[in-house]
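Engineer: Pasting run_25.pdb here (PDB, C-alpha atoms and all ligand atoms):
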ATOM      1  CA  GLU A   1       9.639  -9.829  71.214
ATOM      2  CA  SER A   2       6.717  -7.473  71.143
ATOM      3  CA  CYS A   3       6.494  -3.754  70.478
ATOM      4  CA  GLY A   4       3.453  -3.245  72.658
ATOM      5  CA  LYS A   5       1.417  -1.644  69.910
ATOM      6  CA  ASP A   6      -0.300  -2.961  66.847
ATOM      7  CA  PRO A   7       0.918  -0.728  64.039
ATOM      8  CA  CYS A   8      -1.524   0.500  61.449
ATOM      9  CA  SER A   9      -4.387  -1.510  62.871
ATOM     10  CA  MET A  10      -6.022   1.720  63.896
ATOM     11  CA  GLU A  11      -7.180   4.445  61.649
ATOM     12  CA  VAL A  12      -4.651   6.988  60.578
ATOM     13  CA  GLU A  13      -4.890  10.064  62.749
ATOM     14  CA  MET A  14      -5.985  12.839  60.478
ATOM     15  CA  GLU A  15      -7.277  16.164  61.557
ATOM     16  CA  ASN A  16     -10.435  17.292  59.795
ATOM     17  CA  GLU A  17     -10.925  13.785  58.489
ATOM     18  CA  ASP A  18     -14.507  12.671  58.206
ATOM     19  CA  LYS A  19     -14.573   9.662  60.459
ATOM     20  CA  LYS A  20     -18.280   8.906  60.168
ATOM     21  CA  GLY A  21     -18.976   5.236  59.724
ATOM     22  CA  SER A  22     -15.475   4.206  60.638
ATOM     23  CA  ASP A  23     -16.751   2.033  63.481
ATOM     24  CA  SER A  24     -18.235  -0.393  61.049
ATOM     25  CA  LEU A  25     -14.970  -0.886  59.206
ATOM     26  CA  GLU A  26     -12.974  -4.002  59.885
ATOM     27  CA  LYS A  27      -9.664  -3.403  61.553
ATOM     28  CA  SER A  28      -6.743  -4.626  59.545
ATOM     29  CA  SER A  29      -3.805  -6.713  60.554
ATOM     30  CA  VAL A  30      -0.292  -5.286  60.662
ATOM     31  CA  GLY A  31       0.792  -3.727  57.415
ATOM     32  CA  ASP A  32      -2.522  -4.306  55.695
ATOM     33  CA  LEU A  33      -4.277  -1.003  55.373
ATOM     34  CA  SER A  34      -7.997  -0.957  56.087
ATOM     35  CA  LEU A  35     -10.459   1.019  54.030
ATOM     36  CA  ASN A  36     -10.253   4.274  55.884
ATOM     37  CA  GLU A  37      -6.490   4.342  55.973
ATOM     38  CA  VAL A  38      -4.453   6.002  53.321
ATOM     39  CA  HIS A  39      -1.190   4.827  51.830
ATOM     40  CA  THR A  40       1.493   7.037  53.305
ATOM     41  CA  LEU A  41       5.081   7.521  52.200
ATOM     42  CA  ALA A  42       7.553   8.988  54.679
ATOM     43  CA  PHE A  43      10.713  10.228  52.963
ATOM     44  CA  PRO A  44      13.898  12.013  54.023
ATOM     45  CA  SER A  45      15.314  14.927  52.067
ATOM     46  CA  ILE A  46      17.463  13.082  49.524
ATOM     47  CA  SER A  47      21.095  14.247  49.098
ATOM     48  CA  THR A  48      20.949  17.280  51.411
ATOM     49  CA  ALA A  49      23.127  16.061  54.285
ATOM     50  CA  ASP A  50      26.031  13.731  53.544
ATOM     51  CA  PHE A  51      25.724  14.429  49.785
ATOM     52  CA  GLN A  52      25.792  18.223  50.398
ATOM     53  CA  PHE A  53      23.140  19.257  47.860
ATOM     54  CA  ASP A  54      22.002  22.905  48.013
ATOM     55  CA  LEU A  55      18.924  23.273  50.253
ATOM     56  CA  GLU A  56      17.168  26.039  48.278
ATOM     57  CA  LYS A  57      17.393  24.044  45.059
ATOM     58  CA  ALA A  58      16.424  20.796  46.803
ATOM     59  CA  SER A  59      13.374  22.377  48.425
ATOM     60  CA  ASP A  60      12.134  23.676  45.047
ATOM     61  CA  ILE A  61      12.528  20.220  43.553
ATOM     62  CA  ILE A  62      10.765  18.493  46.459
ATOM     63  CA  VAL A  63       7.748  20.787  46.242
ATOM     64  CA  GLU A  64       7.531  20.556  42.425
ATOM     65  CA  SER A  65       7.842  16.763  42.505
ATOM     66  CA  VAL A  66       5.199  16.448  45.220
ATOM     67  CA  ALA A  67       2.810  18.725  43.277
ATOM     68  CA  ASP A  68       3.357  16.582  40.146
ATOM     69  CA  ILE A  69       2.582  13.257  41.795
ATOM     70  CA  LEU A  70      -0.432  14.605  43.713
ATOM     71  CA  ARG A  71      -1.892  15.775  40.386
ATOM     72  CA  LYS A  72      -1.647  12.223  39.089
ATOM     73  CA  VAL A  73      -2.420  10.036  42.113
ATOM     74  CA  ASP A  74      -5.339  10.144  44.506
ATOM     75  CA  ASN A  75      -5.675   8.738  48.006
ATOM     76  CA  VAL A  76      -2.068   8.885  49.092
ATOM     77  CA  ARG A  77      -0.133  10.987  51.579
ATOM     78  CA  LEU A  78       3.479  12.103  51.382
ATOM     79  CA  VAL A  79       5.434  13.145  54.458
ATOM     80  CA  LEU A  80       8.860  14.798  54.422
ATOM     81  CA  VAL A  81      10.671  13.782  57.611
ATOM     82  CA  ASP A  82      13.729  15.133  59.382
ATOM     83  CA  LEU A  83      15.210  14.618  62.831
ATOM     84  CA  SER A  84      15.065  18.123  64.263
ATOM     85  CA  HIS A  85      12.634  21.011  64.679
ATOM     86  CA  LYS A  86      15.538  23.172  63.546
ATOM     87  CA  SER A  87      15.712  21.411  60.179
ATOM     88  CA  ASN A  88      16.270  24.033  57.458
ATOM     89  CA  ILE A  89      14.992  21.794  54.694
ATOM     90  CA  LEU A  90      11.679  21.265  56.533
ATOM     91  CA  SER A  91      11.201  25.056  56.959
ATOM     92  CA  LEU A  92      11.992  25.785  53.314
ATOM     93  CA  VAL A  93       9.696  23.055  52.032
ATOM     94  CA  ARG A  94       6.860  24.056  54.378
ATOM     95  CA  ALA A  95       6.988  27.648  53.135
ATOM     96  CA  LYS A  96       7.160  26.686  49.457
ATOM     97  CA  ALA A  97       4.383  24.102  49.763
ATOM     98  CA  ALA A  98       2.149  26.724  51.405
ATOM     99  CA  GLU A  99       2.916  29.236  48.614
ATOM    100  CA  ARG A 100       1.826  26.678  46.046
ATOM    101  CA  ASN A 101      -1.315  25.809  48.017
ATOM    102  CA  ILE A 102      -0.454  22.137  48.241
ATOM    103  CA  ASP A 103      -3.134  20.308  50.225
ATOM    104  CA  SER A 104      -1.641  19.932  53.709
ATOM    105  CA  LYS A 105      -3.618  16.760  54.322
ATOM    106  CA  LYS A 106      -1.839  15.111  51.410
ATOM    107  CA  PHE A 107       1.616  16.540  51.982
ATOM    108  CA  PHE A 108       3.185  17.779  55.195
ATOM    109  CA  THR A 109       6.511  17.896  57.020
ATOM    110  CA  PHE A 110       7.138  15.948  60.191
ATOM    111  CA  VAL A 111       9.863  15.839  62.840
ATOM    112  CA  GLY A 112      10.938  12.389  63.961
ATOM    113  CA  ASP A 113      13.180   9.424  63.334
ATOM    114  CA  ILE A 114      11.892   7.796  60.143
ATOM    115  CA  THR A 115      12.419   4.356  61.726
ATOM    116  CA  GLN A 116      10.162   5.140  64.719
ATOM    117  CA  LEU A 117       7.339   7.237  63.329
ATOM    118  CA  TYR A 118       4.584   4.974  64.582
ATOM    119  CA  THR A 119       5.940   3.833  67.960
ATOM    120  CA  LYS A 120       7.340   7.227  68.997
ATOM    121  CA  ARG A 121       5.099   9.691  67.158
ATOM    122  CA  GLY A 122       1.898   7.804  66.337
ATOM    123  CA  LEU A 123       2.237   8.457  62.603
ATOM    124  CA  CYS A 124       1.423   5.420  60.528
ATOM    125  CA  CYS A 125       3.474   5.207  57.312
ATOM    126  CA  ASN A 126       3.348   1.966  55.363
ATOM    127  CA  VAL A 127       6.194   2.934  53.042
ATOM    128  CA  ILE A 128       9.446   4.700  53.871
ATOM    129  CA  ALA A 129      12.174   5.962  51.576
ATOM    130  CA  ASN A 130      15.889   5.607  52.169
ATOM    131  CA  ALA A 131      18.639   7.963  50.964
ATOM    132  CA  ALA A 132      20.813   5.053  49.879
ATOM    133  CA  ASN A 133      24.346   4.637  48.521
ATOM    134  CA  TRP A 134      25.039   3.156  45.067
ATOM    135  CA  ARG A 135      26.080  -0.217  46.497
ATOM    136  CA  LEU A 136      22.836  -0.515  48.484
ATOM    137  CA  LYS A 137      24.927  -1.348  51.536
ATOM    138  CA  PRO A 138      24.063  -0.814  55.199
ATOM    139  CA  GLY A 139      26.100   1.632  57.253
ATOM    140  CA  GLY A 140      27.662   4.875  56.068
ATOM    141  CA  GLY A 141      25.741   6.969  58.592
ATOM    142  CA  GLY A 142      22.661   9.130  58.054
ATOM    143  CA  VAL A 143      19.249   7.738  57.318
ATOM    144  CA  ASN A 144      20.702   4.743  55.435
ATOM    145  CA  ALA A 145      22.408   3.393  58.556
ATOM    146  CA  ALA A 146      19.310   4.072  60.664
ATOM    147  CA  ILE A 147      16.974   2.194  58.310
ATOM    148  CA  PHE A 148      19.231  -0.836  57.804
ATOM    149  CA  ASN A 149      19.788  -1.025  61.583
ATOM    150  CA  ALA A 150      16.108  -0.793  62.416
ATOM    151  CA  ALA A 151      15.019  -3.261  59.741
ATOM    152  CA  GLY A 152      17.534  -5.962  60.679
ATOM    153  CA  LYS A 153      19.380  -8.385  58.425
ATOM    154  CA  SER A 154      16.256  -9.239  56.432
ATOM    155  CA  LEU A 155      16.295  -5.865  54.622
ATOM    156  CA  GLU A 156      19.836  -6.532  53.447
ATOM    157  CA  THR A 157      18.844  -9.959  52.153
ATOM    158  CA  ALA A 158      15.648  -8.726  50.495
ATOM    159  CA  THR A 159      17.552  -5.819  48.904
ATOM    160  CA  LYS A 160      20.208  -8.149  47.438
ATOM    161  CA  GLU A 161      17.468 -10.246  45.834
ATOM    162  CA  ARG A 162      16.127  -7.197  43.977
ATOM    163  CA  ALA A 163      19.193  -5.215  42.973
ATOM    164  CA  GLU A 164      22.942  -5.081  43.363
ATOM    165  CA  THR A 165      23.538  -1.414  42.683
ATOM    166  CA  LEU A 166      21.586   1.769  42.032
ATOM    167  CA  SER A 167      22.388   4.562  39.596
ATOM    168  CA  PRO A 168      21.936   8.219  40.592
ATOM    169  CA  GLY A 169      18.374   9.392  39.992
ATOM    170  CA  SER A 170      16.802   5.949  40.360
ATOM    171  CA  SER A 171      15.074   3.937  43.063
ATOM    172  CA  VAL A 172      14.115   0.375  43.932
ATOM    173  CA  ALA A 173      11.199  -0.762  46.120
ATOM    174  CA  ILE A 174      11.907  -3.609  48.554
ATOM    175  CA  PRO A 175       9.003  -5.472  50.187
ATOM    176  CA  LEU A 176       9.949  -5.968  53.855
ATOM    177  CA  PRO A 177       9.688  -9.500  55.224
ATOM    178  CA  SER A 178       6.987  -9.570  57.920
ATOM    179  CA  THR A 179       9.623 -10.748  60.402
ATOM    180  CA  SER A 180      11.452  -7.421  60.204
ATOM    181  CA  PRO A 181      11.038  -5.278  63.346
ATOM    182  CA  LEU A 182      10.316  -2.333  61.072
ATOM    183  CA  TYR A 183       7.320  -4.239  59.707
ATOM    184  CA  ARG A 184       6.153  -5.717  63.019
ATOM    185  CA  CYS A 185       6.500  -2.616  65.169
ATOM    186  CA  GLU A 186       6.196   0.270  62.749
ATOM    187  CA  GLY A 187       3.859  -1.187  60.117
ATOM    188  CA  VAL A 188       6.310  -0.511  57.288
ATOM    189  CA  THR A 189       5.675  -2.912  54.397
ATOM    190  CA  HIS A 190       8.131  -1.452  51.879
ATOM    191  CA  VAL A 191      11.416   0.415  51.906
ATOM    192  CA  ILE A 192      12.200   2.325  48.720
ATOM    193  CA  HIS A 193      15.929   2.907  48.276
ATOM    194  CA  VAL A 194      16.686   6.113  46.362
ATOM    195  CA  LEU A 195      20.061   7.315  45.112
ATOM    196  CA  GLY A 196      20.306  11.070  44.792
ATOM    197  CA  PRO A 197      23.014  13.267  43.256
ATOM    198  CA  ASN A 198      26.245  13.554  45.215
ATOM    199  CA  MET A 199      27.962  16.923  45.651
ATOM    200  CA  ASN A 200      30.431  15.693  48.295
ATOM    201  CA  PRO A 201      33.968  15.221  46.893
ATOM    202  CA  GLN A 202      34.598  12.576  49.581
ATOM    203  CA  ARG A 203      31.892  10.319  48.126
ATOM    204  CA  PRO A 204      31.692   8.368  44.821
ATOM    205  CA  ASN A 205      30.401  10.068  41.632
ATOM    206  CA  CYS A 206      30.722  13.643  42.876
ATOM    207  CA  LEU A 207      29.106  16.099  40.444
ATOM    208  CA  LYS A 208      31.633  18.828  41.324
ATOM    209  CA  ASN A 209      29.065  21.566  41.774
ATOM    210  CA  ASP A 210      27.377  20.862  38.416
ATOM    211  CA  TYR A 211      23.854  21.837  39.479
ATOM    212  CA  ILE A 212      22.432  21.545  35.959
ATOM    213  CA  LYS A 213      23.112  17.829  36.134
ATOM    214  CA  GLY A 214      22.519  17.702  39.903
ATOM    215  CA  CYS A 215      19.015  19.185  39.689
ATOM    216  CA  LYS A 216      18.063  16.835  36.886
ATOM    217  CA  VAL A 217      19.292  13.826  38.863
ATOM    218  CA  LEU A 218      17.439  14.959  41.994
ATOM    219  CA  ARG A 219      14.205  15.469  39.989
ATOM    220  CA  ASP A 220      14.628  12.003  38.480
ATOM    221  CA  ALA A 221      15.244  10.559  41.955
ATOM    222  CA  TYR A 222      11.998  11.997  43.371
ATOM    223  CA  SER A 223       9.908  11.098  40.366
ATOM    224  CA  SER A 224      11.243   7.539  40.465
ATOM    225  CA  LEU A 225      10.538   7.368  44.230
ATOM    226  CA  PHE A 226       6.998   8.719  43.910
ATOM    227  CA  GLU A 227       6.156   6.513  40.886
ATOM    228  CA  ASN A 228       7.395   3.477  42.809
ATOM    229  CA  PHE A 229       5.261   4.487  45.803
ATOM    230  CA  ALA A 230       2.237   5.052  43.545
ATOM    231  CA  SER A 231       2.509   1.539  42.127
ATOM    232  CA  ILE A 232       2.690   0.048  45.631
ATOM    233  CA  SER A 233      -0.418   2.047  46.554
ATOM    234  CA  LYS A 234      -2.582   0.738  43.686
TER     235      LYS A 234
HETATM  236  N1  LIG B 301      15.147   9.909  60.367
HETATM  237  C1  LIG B 301      14.747  10.949  59.580
HETATM  238  N2  LIG B 301      15.594  11.700  58.876
HETATM  239  C2  LIG B 301      16.915  11.430  58.963
HETATM  240  C3  LIG B 301      17.420  10.366  59.773
HETATM  241  C4  LIG B 301      16.465   9.588  60.488
HETATM  242  N3  LIG B 301      16.826   8.554  61.264
HETATM  243  N4  LIG B 301      18.775  10.353  59.658
HETATM  244  C5  LIG B 301      19.112  11.354  58.834
HETATM  245  N5  LIG B 301      18.002  12.020  58.412
HETATM  246  P1  LIG B 301      21.679  11.607  54.622
HETATM  247  P2  LIG B 301      22.230  11.950  51.735
HETATM  248  C6  LIG B 301      17.897  13.148  57.439
HETATM  249  O1  LIG B 301      23.029  12.138  54.955
HETATM  250  O2  LIG B 301      22.596  13.378  51.914
HETATM  251  C7  LIG B 301      24.674   7.747  53.693
HETATM  252  O3  LIG B 301      25.859   7.460  54.323
HETATM  253  C8  LIG B 301      19.042  14.127  57.369
HETATM  254  O4  LIG B 301      18.918  15.120  58.379
HETATM  255  O5  LIG B 301      21.223  10.390  55.317
HETATM  256  O6  LIG B 301      21.334  11.567  50.579
HETATM  257  C9  LIG B 301      24.393   6.847  52.479
HETATM  258  O7  LIG B 301      25.026   5.595  52.614
HETATM  259  C10 LIG B 301      18.835  14.691  55.973
HETATM  260  O8  LIG B 301      17.814  15.685  55.996
HETATM  261  O9  LIG B 301      21.542  11.281  53.029
HETATM  262  C11 LIG B 301      24.921   7.644  51.315
HETATM  263  O10 LIG B 301      26.264   7.329  51.051
HETATM  264  C12 LIG B 301      18.321  13.498  55.165
HETATM  265  O11 LIG B 301      17.885  12.550  56.144
HETATM  266  C13 LIG B 301      24.809   9.082  51.746
HETATM  267  O12 LIG B 301      24.756   9.072  53.174
HETATM  268  C14 LIG B 301      19.343  12.837  54.243
HETATM  269  O13 LIG B 301      20.611  12.785  54.871
HETATM  270  C15 LIG B 301      23.556   9.759  51.250
HETATM  271  O14 LIG B 301      23.581  11.124  51.597
END
How would this structure read if it were set down as structure tokens?
Structural biologist:
Amino acid sequence: ESCGKDPCSMEVEMENEDKKGSDSLEKSSVGDLSLNEVHTLAFPSISTADFQFDLEKASDIIVESVADILRKVDNVRLVLVDLSHKSNILSLVRAKAAERNIDSKKFFTFVGDITQLYTKRGLCCNVIANAANWRLKPGGGGVNAAIFNAAGKSLETATKERAETLSPGSSVAIPLPSTSPLYRCEGVTHVIHVLGPNMNPQRPNCLKNDYIKGCKVLRDAYSSLFENFASISK
């Protein structure tokens, strides 16, 4: 089964990027970034849909966490993804990132399905984050179901080898087997599962509107995610 394209074997499309000399660079194989490509993390807004976390507070935390990691790490890109142009979290984050003068080449928002960013939208992201559940199980809807579906059984197996559960505010990076369709077609080499704070009484470990705790857990979740991504990018 082929996807028709060769993910991440071409240079990352970047506006204003100096592409001089790129012709002489060797093209890489799938999932192996060549010299003029930049490690890119695509991540969903953790906890703001099924887990019902406040969007204003979440957008502040996203922008602060992004600013923190970009101060520490060079040569990476972070992309906040959501499914719709009408996404409120994308609008809030875009405005706050602009206010803080965050470099829009290193951090931007993007509309698309996180499991089809390369094949449908031409955006090459070698790492994607998942808004997981504490059992690290497929299903449950949202981005978790989409990622486990797109990656196939091998993500479930690889996840089980690394961790059985996740506590709120933490993350675990799973190298994707090269047989996974998400690797072969989209060029995704790692999925980082993240567990954010839950404000939904229908879900386990609900924080019952305690936003002091909730904000701390969400900050911890993003810093864990970004640190994990930074170590993959070394
Ligand atoms: N591509 C990009 N973004 C998406 C996609 C997708 N395919 N699907 C959803 N989003 P959610 P949570 C956005 O509910 O609030 C699951 O059942 C969505 O619009 O997936 O952290 C787990 O098993 C929103 O902006 O995650 C957990 O139990 C963001 O992704 C629980 O939900 C997160 O929405 C986690 O809830």
Engineer: Neighbours of range 43-58 of chain A within 6 Å (all atoms listed in the file; same-chain residues fewer than 4 positions away dropped), as a ChimeraX atom specification?
Structural biologist: /A:80-81,128-129,131,196,198-200
Engineer: When you draw a straight line from atom O11 of ligand LIG 301 (chain B) to CA of Arg121 in chain A, how long is it in Å?
Structural biologist: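 CA of Arg121 in chain A lies at a distance of 17.1 Å from atom O11 of ligand LIG 301 (chain B).
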Engineer: Need to verify the contact set: Ile114 in chain A, 12 Å, all atoms listed in the file, exclusion of same-chain residues closer than 5 positions in sequence. Can you return it as number ranges by chain?
Structural biologist: A: 41-45, 79-84, 109, 119-131, 142-151, 182, 186, 188, 191
Engineer: Can you report as AutoDock Vina command-line options the centre and edge lengths in Å, to one decimal, of an axis-aligned box around the listed atoms of range 122-132 of chain A padded with 3 Å on each side?
Structural biologist:
--center_x 11.1 --center_y 5.2 --center_z 58.1 --size_x 25.4 --size_y 12.5 --size_z 22.5
Engineer: As a check of understanding, name the residues that the PyMOL selection byres (((chain A and resi 224) around 9) and not hetatm) selects in the supplied structure, as a list in words.
Structural biologist: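 Expected selection for the PyMOL selection byres (((chain A and resi 224) around 9) and not hetatm) here is Gly169, Ser170, Ser171, Val172, Val194, Arg219, Asp220, Ala221, Tyr222, Ser223, Leu225, Phe226, Glu227, Asn228 and Phe229 of chain A.
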Engineer: Rank A:Cys215, A:Ala163, A:Leu90, A:Leu78 by their smallest atom-to-atom distance to ligand LIG 301 (chain B), using all atoms listed in the file, and report the top residue only.
Structural biologist: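 For ligand LIG 301 (chain B), the nearest of the given residues is A:Leu90.
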Engineer: Looking at A:Pro177, A:Gly187, A:Pro197, A:Gly140, which one is nearest to Ala158 in chain A, with distances taken over all atoms listed in the file?
Structural biologist: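 Nearest candidate to Ala158 in chain A out of A:Pro177, A:Gly187, A:Pro197, A:Gly140: A:Pro177.
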Engineer: Which is closest to ligand LIG 301 (chain B) among A:Ala97, A:Ile232, A:Ile89, A:Ile212, if we use all atoms listed in the file?
Structural biologist: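 The shortest atom-to-atom distance to ligand LIG 301 (chain B) comes from A:Ile89.
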Engineer: Restricting the calculation to only C-alpha atoms and all ligand atoms, which member of A:Asn209, A:Asn88, A:Ser178, A:Ser167 is positioned closest to ligand LIG 301 (chain B)?
Structural biologist: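 That would be A:Asn88, the residue with the smallest distance to ligand LIG 301 (chain B).
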Engineer: In terms of the shortest atom-to-atom distance over only C-alpha atoms and all ligand atoms, which of A:Arg203, A:Arg100, A:Lys208, A:Arg77 is closest to ligand LIG 301 (chain B)?
Structural biologist: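 Of all the options, A:Arg203 lies closest to ligand LIG 301 (chain B).
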Engineer: For ligand LIG 301 (chain B), which residue among A:Cys185, A:Val63, A:Leu70, A:Leu117 is the nearest when counting only C-alpha atoms and all ligand atoms?
Structural biologist: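 Comparing A:Cys185, A:Val63, A:Leu70, A:Leu117 against ligand LIG 301 (chain B), the winner is A:Leu117.
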Engineer: Please compute the atom C11 of ligand LIG 301 (chain B)-CA of Leu195 in chain A distance, one decimal, in Å.
Structural biologist: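 Going from atom C11 of ligand LIG 301 (chain B) over to CA of Leu195 in chain A, I get 7.9 Å.
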Engineer: To one decimal place, how far is CA of Lys86 in chain A from atom O12 of ligand LIG 301 (chain B) in Å?
Structural biologist: 19.8 Å
